[in-house]
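Participant: This is the structure, below, for whatever I ask next.
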Amino acid sequence: MADQNNLTAAELPNLQDTAADAAAANDSKNEMPTTYDPKSAETKWYSYWTEGGYFRAGGRPDAKAYSIVIPPPNVTGMLHIGHALDFTLQDILIRTKRMQGFDTLWLPGTDHAGIATQTKVEQKLREQGISRHDLGREKFLEQVWEWKDKYANTIHEQWAKMGLSLDYSRERFTLDEGLSKAVREVFVKLYNKGLIYRGKRIINWDPAARTALSDIEVEYKEVNGHLYHLRYPLKDGSGFITVATTRPETMLGDTAVAVHPEDDRYKDLIGKTLILPIIGREIPIIADDYVDKEFGSGAVKITPAHDPNDFEMGQRHNLPQINVMDESGTMNEEAGPYQGQDRSVCRKAITADLKEQGVLINIEDHVHQVGHSERSGAVVEPYLSTQWFVKMQPLAEAAINAQKDGNGVNFVPDRFERTYLNWIENVRDWCISRQLWWGHRIPAWYSESTGELVVANDEEEARRISGLTDLKQDEDVLDTWFSSNLWPFATLGWPDENSADFKRYYPNDVLVTGYDIIYFWVARMIFSALEFTGEKPFSDVLMHGLVRDSEGQKMSKSLGNGVDPLEVIEKYGADAMRYMISTGSTAGQDLRFRWEKVEQARNFANKIWNASRFALMNLEGVSFENIDISCELSTADRWILHRLNETSREITRLIDSYEFGETGRQLYNFIWDDLCDWYIEFAKLSLYGSDAAAKAKTQSVLAYVLDRTMRLIHPFMPFISEEIWQHLPHEGETITLAAWPEYDAALENPQAVAEMNLLMDVIRAVRNIRAEVNVPMSKKVELIIKAGNEETLSIITRNDNYIGRFCNTSSFEAGLNPETPDKVMSAVVTGAELLLPLSGLIDIEQEIARLEKEVMTLNGEVERVEKKLSNQGFVAKAPAKVIEEERAKQADYSAKREKVLARIAELRG
RNA sequence: AGGACGGUAGCUCAGCGGGAGAGCACUAUCUUGACAGGGUAGGGGUCAUGGGUUCGAACCCCAUCCGUCCUACCA
């Protein structure tokens with residue numbers, strides 16, 4: 001039916017070469033194909049941007065600075081779709097701010113990712129039958145550096161494919177010279193302040209990676225285990241005490257049994273001695289409040305070297321600590337007959353022996369949480385060893401106070417502030433030493449003869465301050481997060497506080513990251529920044545969710561459900577991926593990845609492409625200087641300028657408040673509905689008409705609107721917007737540096753909106769009627785319009801060309817009260833009544849039935865509004881504006897209803 | 001055990017105090033010169049359940065049920 005709906009141009013004009021095309025060389029084709037091909041545009045423009053140095057910060061010394069540092073991806077491997085989300089959001093912010101005139105810095109970098117990377121490289125070596133110990137520290141590290149270089153390159157390529165506007169001249173790595181210096185400085189300062197200490201503690205030990213882990217590197221999983229009930233005999237032969245344990249092999253290290261001091265069952269036994277089965281060691285019965293009388297037998301075996309709670313109790317009661325395992329989880333000489341067995345083998349063996357000796361009473365099924373290493377997956381062993389710790393309390397307190405005094409960071413969405421506070425308020429000391437090679441080696445030295453400890457920035461300094469010559473550096477390295485902690489300021493030159501970048505770009509404006517690393521990273525950056533720079537590291541933290549698979553499952557290697565961003569880009573283009581991923585969810589909320597969504601985004605890109613093709617076909621001879629939108633314009637022209645202006649204002653506001661989902665919707669609606677479906681169709685009238693002046697005006701508006709529209713979508717879809725913008729009449733080298741469309745009060749035009757709304761109503765209504773009686777749009781019909789008042793009439797007659805064209809009317813009559821024939825179909829819009837004499841096509845009874853249905857609908861509306869208005873409470877309490885709106889609706893609906901009723905009467909009459 | 005988030009059209013999700021929305025899917029229609037990766041017109045929802053607050057609740061409060069995820073765990 002809509003065969004006359006789209007007015008079309010005669011032929012494709014030849015497009016002129018643009019300067020950019022010449023600069024980008026290899027694209028010699030001038031015509032724009034009917035579908036957008038992302039590939040050529042993407043490589044072409046990315047190198048154009050980087051060669052032009054457009055991403056480099058510092059070029060606008062008088063402007064306000066705006067800075068973001070990238071959350072450094074691990075050099076462990078390739079970037080996944082979650083990175084794409086994180087980076088796209090940052091790129092959107094940076095590109096927007098850059099266009100708004102800020103001196104923007106987006107600093108790239110990568111993280112050495114201690115355990116993760118070392119594990120990968122060790123794995124690779126193991127396949128060749130080599131262990132890291134075969135190579136030795138130095139040779140091994142050479143291998144890791146090679147690995148790092150390889151993956152850093154891959155990451156660079158991926159960044160480029162995604163179109164990220166990073167300032168590569170300032171790229172950093174967590175193990176580079178500057179960061180290492182900052183790490184040492186921080187370590188020494190904290191040590192000298194007494195905030196770093198070395199101590200023997202129960203830590204989380206990863207027996208596979210043979211290193212300590214921090215609390216948050218442990219993942220608890222529910223495991224179907226057993227509860228073993230054991231009977232320990234009293235030394236005096238007067239009986240037994242029953243204890244329960246989930247880990248019978250640890251009994252070898254038991255140094256006491258504890259009961260609650262007020263437990264009547266055991267009161268008399270406190271202070272007596274038990275004989276530990278198998279080992280035969282004498283151990284005391286002690287009393288401690290920690291014991292829960294209700295659980296199990298009410299008596300607990302105490303293994304200070306293999307359980308954190310037992311460790312603390314052991315300290316309270318001066319119990320010996322007997323470590324029965326070595327660092328690989330193998331039983332040691334303290335385990336007596338079990339020496340040399342793996343802990344899991346030992347469990348089985350000891351269970352059998354205990355059973356045989358009558359010690360084991362029974363085994364119950366028991367579901368409990370067991371800690372696993374986040375990296376290696378091994379069951380974590382609570383293990384007694386000497387490690388380095390950061391004393392958290394003073395640092396945490398300062399961070400809490402800052403947050404509560406209003407000097408905190410602004411979390412988006414704000415609920416994450418509570419997550420953060422909750423953690424930092426309950427934080428425990430942070431174990432920072434790792435028994436690895438890949439990382440920042442701890443700046444501590446020991447005298448080989450006396451064991452004396454010296455902490456210093458380097459060995460020379462250590463010698464100088466201690467006067468010792470036989471120094472040997474600590475073998476361990478620091479937790480990866482110890483360095484990523486300093487990322488927001490160490491990347492900018494700190495500890496040199498006079499560094500230009502530090503002064504200019506610190507604190508950062510926003511940190512964009514996933515909610516899953518609030519504890520690992522966000523919280524630690526905050527307290528570190530406060531401690532060392534005296535300022536918060538960034539003003540805002542934007543937390544996004546996780547990208548999940550189409551079923552809502554977490555993406556993981558083991559499930560094989562991960563999505564490679566490069567594959568998405570290959571299939572649908574970087575812009576489609578960026579648009580889908582950035583507008584597809586709200587802050588803090590997870591996002592399900594579905595290919596259909598990417599396809600939809602690709603279709604949107606294609607729609608933009610084709611709208612631009614249309615424009616370019618009709619902008620021949622228009623130059624940037626000739627664009628003039630200040631003259632007398634048509635309704636549609638004024639309307640689209642109003643809508644563009646309104647949209648610009650909204651987009652700016654929404655980006656500033658990080659509402660990317662809503663931004664996407666507004667852009668989509670504006671471009672697809674307003675610009676393509678309505679404005680372009682309206683514009684065809686003057687573009688194809690004979691009125692040269694009118695055509696020139698519309699060309700101006702079209703060029704102007706498209707230019708600004710490209711700028712608005714540029715942060716989201718950088719490639720296609722640049723490609724199109726370069727073809728359009730434009731000024732400047734790149735859209736990357738084009739000015740952001742600012743709201744302009746002069747373009748406000750409520751009158752054009754009202755006029756356009758009426759015209760759209762009329763056109764839709766006529767289309768409806770024609771669809772109703774199957775009159776194809778190719779067949780011309782007569783249209784009579786009864787306008788409600790002079791103003792409406794004038795709008796209609798002023799725009800009769802549009803109505804005539806879109807409704808395909810052969811004769812068109814409009815008046816306040818024109819003569820109407822009998823056999824008509826009709827529709828009512830606000831302010832006017834439409835009449836289509838379609839004699840021969842209409843069944844009068846059917847038409848009456850249709851109109852009666854319309855009356856029913858209107859009745860419902862009127863009833864609802866009247867009920868509301870007759871409610872005393874509503875009239876008394878609702879805001880005046882709401883009441884006014886309801887009154888207007890009431891008037892509108894009843895007027896419409898009356899007209900429809902009158903029509904029915906006429907048809908009957 | 002505590003906490004957070006989610007339950008809206010067949011699907012994926014937005015809206016978060018004033019007439020239930022989008023995209024996809026579906027139906028009908030158009031071999032239209034920007035675009036079939038398109039146009040036009042449609043069908044489809046007691047907004048998880050039960051209370052409460054309010055003139056007015058998908059939206060605020062309480063309770064319940066169902067999902068997802070964190071945090072802490074008793075041997």
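Naming works like this for the structure tokens: A, B, ... for the chains as they're shown, residue 1 at the start of each chain, ligands 1 onward in shown order.
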Pull out every residue of chain B sitting within 12 Å of chain A, counting only C-alpha atoms (C1' of nucleotides), and send them as number ranges by chain.

Facilitator: B: 2-6, 11-15, 17-19, 21-25, 28-42, 54-56, 67-75

Participant: What lies within 12 Å of G51 in chain B using only C-alpha atoms (C1' of nucleotides), ignoring chain neighbours under 4 positions off, as a list in words?

Facilitator: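 The filter keeps C61, C62, A63 and U64 of chain B.
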
Participant: Can you tell me, as a list in words, what residues are no more than 8 Å from range 353-364 of chain A when counting only C-alpha atoms (C1' of nucleotides), ignoring any on the same chain fewer than 6 positions away?

Facilitator: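 Counting only the stated atoms, we get His226, Leu227, Tyr228, His229, Leu230, Arg231, Tyr232, Pro277 and Ile278 of chain A.
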
Participant: State, in Å with one decimal place, the distance from CA of Ile629 in chain A to CA of Ala696 in chain A.

Facilitator: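 For CA of Ile629 in chain A relative to CA of Ala696 in chain A, the distance reads 10.3 Å.
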
Participant: Have a look at B:C26, B:C66, B:A1, B:C16 and name the one nearest to G43 in chain B; count only C-alpha atoms (C1' of nucleotides).

Facilitator: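 Smallest separation from G43 in chain B among the options: B:C26.
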
Participant: Quick one: residues within 7 Å of Glu381 in chain A, only C-alpha atoms (C1' of nucleotides) counted, chain neighbours fewer than 4 positions away excluded, as a list in words?

Facilitator: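 Here the qualifying residues turn out to be Asn204, Trp205 and Asp206 of chain A.
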